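Novice: First the structure, then my questions, so here it is.
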Amino acid sequence: MKFFKLSLALLLFSINTQAQNILITYYSKTAHTQSLAEEVAKGAQSIPGVQVKLKRIDQTTTKDLLDADAIIVGSPVYNANLAPELVQFMSTWPFEGNPLKDKIGAAFVTSGGMSAGEELVNVQLLHTMMIFRMIIVGGSHWTSAFGASAITEESPFSGLNPAFLHKANGLGSHVAQVLNQFSSVH
């Protein structure tokens with residue numbers, strides 16, 4: 001009986017200490033979205049209890065999606081829309097049987113200019129995740145409610161401003177914190 005109790009205790013301990021998996025996947029043509037993705041990853045990695053996988057969409061497999069407990073997706077803004085490559089990628093996500101149901105979902109985008117569609121594209125990403133019945137998480141502050149975004153080519157911004165990197169980092173850490181809280185009650 002003592003062996004059974006010890007085995008059960010070790011099993012429960014291993015379940016509760018198992019790292020949660022966060023997949024950060026993105027499409028980037030000019031490296032701005034990639035840089036934002038790297039900052040999202042740094043934020044997520046700053047929270048104990050998570051493992052982060054950072055991949056371009058062309059490297060991301062269905063297994064990566066299924067193995068993830070949280071999926072954070074990034075896209076550049078193309079004419080107030082998602083990059084076509086990202087639309088194609090999300091169109092291949094597994095749907096039958098709801099395998100992505102109850103996974104955490106979050107989004108980030110980069111845009112060349114202000115009012116060029118960054119908030120619309122964040123919401124487009126979140127809408128798609130909602131179709132898959134994912135649980136949506138925004139950024140760490142009300143100013144990033146839909147996720148992180150960055151303006152990269154319109155004055156006064158050139159490249160990735162530290163304020164945008166801060167929001168990306170906050171998105172990653174917030175997703176990791178919510179994931180840890182969510183997993184502790186399940």
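Simple scheme: letters A, B, ... for chains in structure tokens order, numbers from 1 for residues in each chain, numbers from 1 for ligands in the order shown.
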Applying 12 Å and only C-alpha atoms, which residues near Arg133 (chain A) remain after dropping the ones on its own chain fewer than 4 positions away? List them as a list in words.
Specialist: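 Skipping anything fewer than 4 positions along the chain leaves Pro94, Phe95, Glu96, Gly97, Asn98, Pro99, Leu100, Lys101, Asp102, Lys103, Ile104, Gly105, Leu126, His127, Thr128 and Met129 of chain A.
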Novice: Need to verify the contact set: region 71-88 of chain A, 8 Å, only C-alpha atoms, exclusion of same-chain residues closer than 4 positions in sequence. Can you return it as number ranges by chain?
Specialist: A: 22-29, 33, 37, 57, 65, 92, 103-112, 116-118, 120-121, 124-125
Novice: Would you list the contacts of Trp142 (chain A) as a list of chain:residue names, taking every protein, DNA or RNA residue within 12 Å and counting only C-alpha atoms, but skipping same-chain residues closer than 5 positions in sequence?
Specialist: A:Val137, A:Gly147, A:Ala148, A:Lys167, A:Gly170, A:Leu171
Novice: Hey, what does DSSP flag as alpha helix (DSSP H) within region 17-148 of chain A? Can you give it to me as a count of residues only?
Specialist: 43
Novice: Taking the DSSP assignment computed from this structure's backbone, write out as number ranges by chain all residues of region 7-177 of chain A that belong to strand (DSSP E).
Specialist: A: 20-26, 50-56, 70-78, 81-82, 104-111, 135-136, 148-151
Novice: To one decimal in Å, tell me the separation between CA of Ala31 (chain A) and CA of Met130 (chain A).
Specialist: 27.4 Å
Novice: Given the choices A:Gln45, A:Asn161, A:Ser183, A:Gln51, which gets closest to Asn21 (chain A) if the distance is worked out from only C-alpha atoms?
Specialist: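 Selected residue with least distance to Asn21 (chain A): A:Gln51.
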Novice: Go ahead and compute the interatomic distance for CA of Val175 (chain A) and CA of Asp67 (chain A), in Å to one decimal.
Specialist: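 Taking CA of Val175 (chain A) as the start and CA of Asp67 (chain A) as the end point, the length is 16.2 Å.
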Novice: Compare A:Val178, A:Met114, A:Ala41, A:Leu165 by their minimum atom-to-atom distance to Gly138 (chain A), counting only C-alpha atoms, and give me the closest one.
Specialist: A:Val178
Novice: Within 10 Å of Ser155 (chain A), counting only C-alpha atoms, which residues qualify if same-chain residues fewer than 3 places away don't, as a ChimeraX atom specification?
Specialist: /A:113-114,151-152,158
Novice: Mind giving me the straight-line distance from CA of Gly159 (chain A) to CA of Val40 (chain A) in Å, one decimal?
Specialist: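 Calculated distance between CA of Gly159 (chain A) and CA of Val40 (chain A) is 16.5 Å.
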